[in-house]
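What follows is a set of notes on a single structure, which appears directly below.
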Amino acid sequence: MARAKRRRYPRVYRHLSAYLMLTPAIILLIIFVIIPILYGFYLSFHRWDGFNSPVFIGTRNYIRLIERDDVFLKAVTNTIIFAISVVLVKNVLGLFLALLVNQKIKGVIFFRTALFLPVTLSFVVIGLLWSWIYNPTFGLLNAGLELVGLDSLIRAWLSDQATALGAIITVDIWKWTGFHMVLFLAGLQSIPKDLYEVAIIDGASAWTRLTRITLPLLAPVTFISVLLSLNGAFVRNFELVFVMTDGGPNHTTEVVLTHLVTQAFRFGKLGYASAMGFALFVVVAVIAFSYIRIGRSGTYNF
Amino acid sequence: MATAAGPRNPESFPDLFSRLLSDRLKLLLVYAILIAATVQTIYPLFWMVFGSLKTDADLFNNVWGPPRTMIWQNYVDAWRIADLGARIGNSVIITILSLSVLLIVSSIAAYALARLQFPGRQAIFLIILATMMIPSEVTVIPLFIVVRTLGILNSRFGLVFVYAGTSMAFSIFLLRGFFMSIPPELEDAALVDGANRLQVFWYVVLPLARPGLATVAIFQGMFFWNEFFLAFIFIRQAELQTIPLGLVNFFYRYSADWTLYFAALSMVTIPVIVLYVAMQRWFIEGLTAGAVKS
């Protein structure tokens, strides 16, 4: 009946209304997402200070990035270290905590609420707070080490080249572990309980239950959890680095985004910075899409 | 659990005892780990509030403990010097406007993609899927030029459209999923009664999709409220700054007024924590459902 009624409208009109409904969204997408991607690709082959007209220089920006910019190479290394360690640790810790909270114990809601709390705070708030925790004169960390007699470990965490990057990575993990814990917890609670009961009767050990029941059935959630941490791992590092060390000491915490912003807005090298941005874009896109491809062919389907 | 195997396979007393003991120990260990994790999550926030009420001397000499005397004046001074009132106002305006633009535009588009058949539907959806995975950070330079060309650099409006535009794909994707889970019979009935598509959307679909809209609102609202990177690039005038920008600015402009920094940070953080604790189920579900649905 509904179908008969709809046929009263000419086809064009029906399509027109669909396009009209999509137009505002598509305009915003084109202006703020698609044009920037294409324009960034165009700019990456130019030398440009942002005011005079851009000068075409072919692939020289890219060649310079690889051959002559030591800071960029350092930033790339740091970005990769950052990405790999946060993806690994957030997910492993999150899963571990979820397994603990998932038992029949009191206070689950309390632990869940408390551990999730940092997710709601901004990177700036957390970055400032932790740079004070690491502060050598009144910081919580050094005072704590002194308290338990580990005086030898005391140092200026953020200005020590050996620890600065690790200190920042720790903060990112601190912020997000609760998020991944909640994801895994939801996954754990959707596993039917009788599977475990049967396994216990069959005499399966806790380890066997974990590796043969829990982890395989958790695969879809694991896929999403890793995807989410992966998606931000290469770019959601600017705020913490900017607030806590601004790339220092001696570029030991420089990441691609901080280097890009410095080149663009401090030195006015917009073409060069665009090349950096486009390189980062390609890396992020390739990783995200190949991860999704692998995931789709495997256990999880969209 | 100990009794599950009991009737079939009776245990000797010592066996049962040692197992109960080890269960006890295991439980204790679980609690010890969870409490340690909780303390290291929560204590820094208490420490921040403690610091905000201390004198400078107290802050430096009594690092871990609560303040010896409460210096409420820190809050008054920090509020005034950091100009927090104006910054909070900017954050409120920008978050609300961005959410409004995003929710209106993306829900209409998501509905068209979920329900209507038209040439190019698949292509448009694929483009949205593809751009969803691209974080806006990587295109910040060309985005800056686009915003400058449009003449909306250094304007709250400009930032609102940047936020709405860069979150559009994700929001459409999420809402499309919600709309598709609503049974189409209700809409068909309304169409038969002579309502047009927009009326159906407004009066039938949107009320049913409220949980989906709430998810997007919490997920993106948090993001806009906390966002620093894009705001830092597009807003340079002090009087237009949002809270995160204002905090960084305050921190770099006034040197070594530590207790005031703690007070400023506490003032912007405590309301968020209170809101979160009051609505924690909403927050946790909104933030993770937003993630899982995709």
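Chain identifiers are assigned as A, B, and so on, following the order in which chains appear in the structure tokens; residues are numbered from 1 within each chain, and ligands are numbered from 1 in order of appearance.
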Secondary structure check, helix (DSSP H, G or I) residues of stretch 153-289 of chain A, as an MDAnalysis selection string = chainID A and resid 153 164:189 193:201 206:217 219:233 238:244 256:266 270:289
If you count only C-alpha atoms, which residues fall within 10 Å of A:Gly50, apart from same-chain ones fewer than 4 positions away, as a list of chain:residue names?
->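 Within the cut-off, the hits are A:Pro54, A:Ala264, A:Phe265, A:Gly268, A:Lys269, A:Leu270, A:Gly271, B:Ile141, B:Ile145.
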Those residues with N, CA and C atoms, as an mmCIF file, in the first residue's frame please?
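Dumped to part.cif:
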```
data_model
loop_
_atom_site.group_PDB
_atom_site.id
_atom_site.type_symbol
_atom_site.label_atom_id
_atom_site.label_comp_id
_atom_site.auth_asym_id
_atom_site.auth_seq_id
_atom_site.Cartn_x
_atom_site.Cartn_y
_atom_site.Cartn_z
ATOM 1 N N PRO A 54 52.296 30.057 -4.791
ATOM 2 C CA PRO A 54 53.086 28.843 -4.604
ATOM 3 C C PRO A 54 53.992 28.564 -5.810
ATOM 4 N N ALA A 264 55.275 24.816 9.691
ATOM 5 C CA ALA A 264 54.245 25.608 9.022
ATOM 6 C C ALA A 264 54.050 26.962 9.674
ATOM 7 N N PHE A 265 53.886 26.972 10.992
ATOM 8 C CA PHE A 265 53.429 28.204 11.628
ATOM 9 C C PHE A 265 54.539 28.992 12.296
ATOM 10 N N GLY A 268 56.795 29.263 8.457
ATOM 11 C CA GLY A 268 56.049 29.601 7.253
ATOM 12 C C GLY A 268 56.326 28.709 6.064
ATOM 13 N N LYS A 269 56.723 27.451 6.314
ATOM 14 C CA LYS A 269 56.959 26.532 5.193
ATOM 15 C C LYS A 269 55.711 25.668 4.987
ATOM 16 N N LEU A 270 54.719 26.256 4.325
ATOM 17 C CA LEU A 270 53.439 25.562 4.223
ATOM 18 C C LEU A 270 53.501 24.393 3.242
ATOM 19 N N GLY A 271 54.247 24.550 2.146
ATOM 20 C CA GLY A 271 54.357 23.454 1.186
ATOM 21 C C GLY A 271 55.067 22.267 1.816
ATOM 22 N N ILE B 141 47.172 21.707 7.382
ATOM 23 C CA ILE B 141 47.687 22.851 6.628
ATOM 24 C C ILE B 141 46.698 23.304 5.552
ATOM 25 N N ILE B 145 44.317 26.774 5.172
ATOM 26 C CA ILE B 145 44.184 27.653 4.005
ATOM 27 C C ILE B 145 42.710 27.805 3.604
#
```
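When only C-alpha atoms are used to compute distances to A:Ala164, the closest of the residues A:Ile201, A:Leu227, A:Ile191, A:Val241 turns out to be A:Val241.
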Name the residues in contact with stretch 93-104 of chain A at a cut-off of 8 Å, using only C-alpha atoms, excluding same-chain residues fewer than 6 positions from it; report them as number ranges by chain.
-> A: 111-112, 177-182, 184-185, 188-189; B: 30, 34
Using only C-alpha atoms, pick whichever of B:Tyr203, B:Phe161, B:Phe125, B:Trp282 has the shortest atom-to-atom distance to chain A.
-> B:Phe161
Excluding same-chain residues fewer than 3 positions from stretch 214-226 of chain B, what lies within 10 Å of it counting only C-alpha atoms, as a PyMOL selection string?
-> (chain A and resi 119-125) or (chain B and resi 88+90-96+98-100+102-103+159-160+163-164+167+170-172+174-175+209-211+229-231+242-245+272+282-291)
So which residues touch stretch 279-281 of chain A within 9 Å, counting only C-alpha atoms, skipping near sequence neighbours fewer than 6 positions away, as number ranges by chain?
-> A: 37, 62, 234-235, 256-257; B: 134-135, 137-139
Given the selection you just returned, output its residues as a file containing C-alpha atoms, formatted as a CSV table (one decimal), in the first residue's frame.
```csv
chain,number,residue,atom,x,y,z
A,37,ILE,CA,43.0,16.2,1.2
A,62,TYR,CA,59.6,14.8,-0.2
A,234,PHE,CA,49.7,8.3,14.9
A,235,VAL,CA,48.1,11.7,15.3
A,256,VAL,CA,55.4,14.3,13.1
A,257,LEU,CA,52.6,16.7,14.0
B,134,ILE,CA,41.1,10.0,8.1
B,135,PRO,CA,41.9,12.1,11.2
B,137,GLU,CA,45.1,16.4,11.9
B,138,VAL,CA,46.8,15.1,8.8
B,139,THR,CA,45.2,17.8,6.6
```
Would you give me, as CSV, each residue of stretch 43-91 of chain B having an atom within 8 Å of an atom of stretch 247-259 of chain B, along with its shortest atom pair and that distance in Å to one decimal, using only C-alpha atoms and sorting by chain and residue number?
```
residue,atom,partner,partner_atom,distance
B:Gly51,CA,B:Thr259,CA,6.0
B:Ser52,CA,B:Thr259,CA,5.2
B:Leu53,CA,B:Thr259,CA,7.1
B:Lys54,CA,B:Thr259,CA,6.5
B:Thr55,CA,B:Thr259,CA,6.9
B:Asp56,CA,B:Thr259,CA,6.4
B:Leu59,CA,B:Thr259,CA,7.5
B:Asn74,CA,B:Thr259,CA,6.7
B:Ile81,CA,B:Phe250,CA,7.9
B:Ala82,CA,B:Phe250,CA,5.5
```
Any idea what's packed within 7 Å of stretch 105-121 of chain B, counting only C-alpha atoms, ignoring anything in its chain fewer than 3 positions away? Could you give it as a PyMOL selection string?
-> (chain A and resi 15+18+21-22+24-25) or (chain B and resi 101-102+124-125+168+171-173+175-176+179-180)
For those residues, write N, CA and C atoms to a file as a CSV table (one decimal), in the first residue's frame.
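Saved file result-v4.csv follows:
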```csv
chain,number,residue,atom,x,y,z
A,15,HIS,N,14.0,11.4,-6.0
A,15,HIS,CA,15.5,11.5,-6.0
A,15,HIS,C,15.9,12.9,-5.5
A,18,ALA,N,16.0,13.2,-1.9
A,18,ALA,CA,17.1,12.5,-1.3
A,18,ALA,C,18.4,13.4,-1.4
A,21,MET,N,18.4,16.3,0.9
A,21,MET,CA,18.7,15.9,2.3
A,21,MET,C,20.2,15.7,2.5
A,22,LEU,N,20.8,15.3,1.5
A,22,LEU,CA,22.3,15.0,1.6
A,22,LEU,C,23.1,16.3,1.3
A,24,PRO,N,23.5,19.5,2.5
A,24,PRO,CA,24.3,20.2,3.5
A,24,PRO,C,25.5,19.4,4.0
A,25,ALA,N,25.2,18.1,4.2
A,25,ALA,CA,26.3,17.3,4.7
A,25,ALA,C,27.4,17.2,3.7
B,101,VAL,N,24.7,22.0,14.7
B,101,VAL,CA,25.0,21.9,13.2
B,101,VAL,C,25.2,20.4,12.9
B,102,LEU,N,26.1,19.8,13.6
B,102,LEU,CA,26.4,18.4,13.3
B,102,LEU,C,25.2,17.5,13.4
B,124,ILE,N,28.2,7.5,-2.5
B,124,ILE,CA,28.3,8.5,-1.4
B,124,ILE,C,28.6,7.8,-0.1
B,125,PHE,N,28.0,6.7,0.2
B,125,PHE,CA,28.3,6.0,1.4
B,125,PHE,C,29.7,5.5,1.5
B,168,MET,N,31.5,15.0,10.5
B,168,MET,CA,30.3,14.7,9.8
B,168,MET,C,30.3,13.2,9.4
B,171,SER,N,29.6,10.8,12.2
B,171,SER,CA,28.2,10.9,12.8
B,171,SER,C,27.2,10.4,11.8
B,172,ILE,N,27.3,10.6,10.5
B,172,ILE,CA,26.4,10.1,9.6
B,172,ILE,C,26.4,8.5,9.6
B,173,PHE,N,27.6,8.0,9.7
B,173,PHE,CA,27.8,6.5,9.7
B,173,PHE,C,27.0,5.9,10.9
B,175,LEU,N,24.6,7.3,12.8
B,175,LEU,CA,23.1,7.5,12.8
B,175,LEU,C,22.5,6.7,11.8
B,176,ARG,N,23.1,6.5,10.7
B,176,ARG,CA,22.6,5.6,9.6
B,176,ARG,C,22.3,4.2,10.2
B,179,PHE,N,19.2,4.4,12.4
B,179,PHE,CA,18.0,4.6,11.6
B,179,PHE,C,17.6,3.2,10.9
B,180,MET,N,18.6,2.5,10.5
B,180,MET,CA,18.3,1.2,9.8
B,180,MET,C,17.7,0.2,10.8
```
